[in-house]
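Single-structure report; data block below.
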Amino acid sequence: MAAAVVLRPLCRLCRVVLFLSQFYILSGGESTDIPPYVMKCPSNGLCSRLPADCIDCKTNFSCVYGKPVTFDCTVKPSVTCVDPDFKSQKSFVLNMTCRFCWQLPEADYECVSSSNCRAVSCPRQRYATNCTVRDHIHCLGNRTFLKMVYCNWTGGYKWSTALALSITLGGFGADRFYLGQWREGLGKLFSFGGLGIWTLIDVLLIGVGYVGPADGSLYI
């Protein structure tokens, strides 16, 4: 009976302590934040294969452009990786090619596209945009940079459809209507394709890609 009297206050005290500890964690007293770069870092993979956002390297900007170079690197906090023998490691040597990020080939970075320029023009138009290097590509300098790229967006017009309409219904301006060129389409319609001459010329111009969509986009 005496033991029960002693245990009851002790159980209440344990409940209070448990409640206070949960409240402390939920209120942010214990930090559970995960660095945002960790989401890009595969766990227990090879350190040399980690994305650039997961490591810190001592780079040497005086290396010879285009030549192989090695840099000493360490993994960032909360990132786990292994060596070729599957042993955990924090420091490793990274092999790469000496070149700045803006010097990479186009396949190694992604750029913000724009539809405010004419892709079909002579000379071909270019525009300035921000480009970002892909995660697993390593290079020197800023991984996001400004670059002049050619206008290459598309409005969904098919070259094969435009050419087929030009051959079959070009005399009625169907090809120009399809490309969004309403004035030229009406001109061809009321002139019966320029008595056939305009129709023949349009077949050649669309065939070689000289005549494109009115919005200045590329064919698909």
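By order in the structure tokens, chains are A, B, ...; within a chain, residues start at 1; ligands start at 1, following the order shown.
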Gln125 (chain A) environment, 12 Å, only C-alpha atoms, sequence neighbours closer than 6 positions dropped, as a PyMOL selection string: chain A and resi 114-119+148-153+216-217
Residues within 12 Å of region 170-184 of chain A, only C-alpha atoms, excluding chain neighbours under 2 positions, as a PyMOL selection string: chain A and resi 155-168+186-207+211-219
Residues near region 91-108 of chain A, cut-off 7 Å, only C-alpha atoms, skip fewer than 2 positions along chain, as number ranges by chain: A: 48, 63-75, 89, 133-134, 137-143, 145
Keeping N, CA, C and O atoms, export the residues of the selection given above as a short mmCIF file (atom, residue, chain, number, x, y, z; two decimals), in the first residue's frame.
data_model
loop_
_atom_site.label_atom_id
_atom_site.label_comp_id
_atom_site.auth_asym_id
_atom_site.auth_seq_id
_atom_site.Cartn_x
_atom_site.Cartn_y
_atom_site.Cartn_z
N SER A 48 33.66 10.65 -54.96
CA SER A 48 34.07 11.29 -56.21
C SER A 48 32.92 11.49 -57.18
O SER A 48 33.05 12.21 -58.16
N CYS A 63 45.52 26.56 -63.16
CA CYS A 63 45.74 25.33 -63.92
C CYS A 63 45.67 25.61 -65.42
O CYS A 63 45.16 26.64 -65.86
N VAL A 64 46.19 24.71 -66.21
CA VAL A 64 46.25 24.87 -67.67
C VAL A 64 44.91 24.46 -68.26
O VAL A 64 44.44 23.33 -68.05
N TYR A 65 44.29 25.38 -69.02
CA TYR A 65 42.95 25.12 -69.58
C TYR A 65 42.95 23.87 -70.45
O TYR A 65 43.81 23.67 -71.29
N GLY A 66 41.95 23.02 -70.24
CA GLY A 66 41.77 21.82 -71.04
C GLY A 66 42.58 20.63 -70.58
O GLY A 66 42.42 19.53 -71.12
N LYS A 67 43.43 20.82 -69.58
CA LYS A 67 44.28 19.73 -69.09
C LYS A 67 43.65 19.09 -67.85
O LYS A 67 42.95 19.74 -67.08
N PRO A 68 43.94 17.79 -67.61
CA PRO A 68 43.43 17.14 -66.40
C PRO A 68 44.06 17.77 -65.16
O PRO A 68 45.22 18.17 -65.16
N VAL A 69 43.28 17.87 -64.09
CA VAL A 69 43.76 18.47 -62.85
C VAL A 69 43.08 17.78 -61.67
O VAL A 69 41.97 17.25 -61.81
N THR A 70 43.76 17.74 -60.53
CA THR A 70 43.20 17.13 -59.32
C THR A 70 43.09 18.17 -58.22
O THR A 70 43.98 19.02 -58.07
N PHE A 71 42.00 18.13 -57.46
CA PHE A 71 41.77 19.05 -56.37
C PHE A 71 41.46 18.26 -55.10
O PHE A 71 40.79 17.22 -55.16
N ASP A 72 41.92 18.77 -53.97
CA ASP A 72 41.59 18.18 -52.67
C ASP A 72 40.21 18.67 -52.23
O ASP A 72 39.96 19.87 -52.17
N CYS A 73 39.34 17.72 -51.91
CA CYS A 73 37.95 18.06 -51.57
C CYS A 73 37.55 17.40 -50.26
O CYS A 73 38.10 16.37 -49.86
N THR A 74 36.56 17.98 -49.61
CA THR A 74 35.94 17.43 -48.41
C THR A 74 34.42 17.51 -48.57
O THR A 74 33.91 18.42 -49.21
N VAL A 75 33.74 16.55 -47.98
CA VAL A 75 32.28 16.54 -48.06
C VAL A 75 31.71 17.53 -47.05
O VAL A 75 32.30 17.78 -46.00
N GLN A 89 34.54 8.03 -45.81
CA GLN A 89 35.61 9.01 -45.87
C GLN A 89 35.02 10.42 -45.95
O GLN A 89 33.89 10.60 -46.37
N VAL A 133 24.99 25.13 -64.33
CA VAL A 133 25.68 23.87 -64.62
C VAL A 133 24.91 22.71 -64.00
O VAL A 133 24.35 22.83 -62.90
N ARG A 134 24.87 21.60 -64.69
CA ARG A 134 24.19 20.41 -64.16
C ARG A 134 24.92 19.91 -62.90
O ARG A 134 26.13 20.09 -62.74
N ILE A 137 28.35 17.91 -62.89
CA ILE A 137 29.45 18.46 -63.69
C ILE A 137 30.29 19.38 -62.81
O ILE A 137 29.75 20.26 -62.12
N HIS A 138 31.60 19.20 -62.81
CA HIS A 138 32.50 20.00 -62.00
C HIS A 138 33.29 20.97 -62.88
O HIS A 138 33.77 20.59 -63.95
N CYS A 139 33.40 22.20 -62.42
CA CYS A 139 34.09 23.24 -63.18
C CYS A 139 34.55 24.33 -62.24
O CYS A 139 34.23 24.32 -61.05
N LEU A 140 35.29 25.31 -62.77
CA LEU A 140 35.82 26.41 -61.98
C LEU A 140 34.89 27.62 -62.06
O LEU A 140 34.23 27.83 -63.07
N GLY A 141 34.87 28.42 -61.01
CA GLY A 141 34.09 29.66 -61.02
C GLY A 141 32.64 29.45 -60.64
O GLY A 141 32.24 28.41 -60.10
N ASN A 142 31.83 30.46 -60.93
CA ASN A 142 30.40 30.43 -60.58
C ASN A 142 29.66 29.40 -61.42
O ASN A 142 29.84 29.33 -62.64
N ARG A 143 28.80 28.63 -60.76
CA ARG A 143 28.04 27.59 -61.46
C ARG A 143 26.81 28.16 -62.17
O ARG A 143 26.18 27.49 -62.96
N PHE A 145 25.80 31.50 -64.52
CA PHE A 145 26.46 32.57 -65.26
C PHE A 145 25.56 33.09 -66.37
O PHE A 145 24.58 32.43 -66.76
#
Pick from A:Pro123, A:Ala52, A:His136, A:Gly45, whichever lies nearest to Asp85 (chain A) using only C-alpha atoms: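 Ranking A:Pro123, A:Ala52, A:His136, A:Gly45 by distance to Asp85 (chain A), first place goes to A:Gly45.
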Distance in Å - CA of Leu46 (chain A) versus CA of Ser78 (chain A):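 Separation of CA of Leu46 (chain A) and CA of Ser78 (chain A): 15.1 Å.
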Exercise: Leu146 (chain A) partners within 10 Å, only C-alpha atoms, chain neighbours under 4 positions left out, as a ChimeraX atom specification: /A:102,111,128-132
Atoms kept (C-alpha atoms) for selection, written as an mmCIF file, in the first residue's frame:
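Saved result, part-v5.cif, follows:
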data_model
loop_
_atom_site.group_PDB
_atom_site.id
_atom_site.type_symbol
_atom_site.label_atom_id
_atom_site.label_comp_id
_atom_site.auth_asym_id
_atom_site.auth_seq_id
_atom_site.Cartn_x
_atom_site.Cartn_y
_atom_site.Cartn_z
ATOM 1 C CA TRP A 102 30.987 29.244 -68.808
ATOM 2 C CA CYS A 111 19.602 27.903 -69.572
ATOM 3 C CA ALA A 128 21.166 36.953 -72.804
ATOM 4 C CA THR A 129 19.999 34.465 -70.167
ATOM 5 C CA ASN A 130 21.107 32.792 -66.939
ATOM 6 C CA CYS A 131 22.589 29.312 -67.283
ATOM 7 C CA THR A 132 23.228 26.786 -64.491
#
Region 27-76 of chain A: residues DSSP assigns to strand (DSSP E or B), reported as a list in words: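 Put together, the selection reads Gly45, Leu46, Ile55, Asp56, Cys57, Lys58, Pro68, Val69, Thr70, Phe71, Asp72, Cys73, Thr74 and Val75 of chain A.
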Nearest to Lys40 (chain A) by atom-to-atom distance, counting only C-alpha atoms, from A:Ser113, A:Gly209, A:Asn60, A:Asp135: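 The shortest atom-to-atom distance to Lys40 (chain A) comes from A:Asp135.
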Residue set, region 4-213 of chain A restricted to helix (DSSP H, G or I), as a ChimeraX atom specification: /A:4-26,36-40,47-49,52-54,101-103,106-108,159-172,174-178,182-190,192-195,197-207
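Counting from CA of Tyr210 (chain A), the distance to CA of Gly185 (chain A) is 16.5 Å.
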Interatomic distance (Å, one decimal) between CA of Tyr127 (chain A) and CA of Pro51 (chain A):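 Atom-to-atom, CA of Tyr127 (chain A) and CA of Pro51 (chain A) are spaced 28.9 Å apart.
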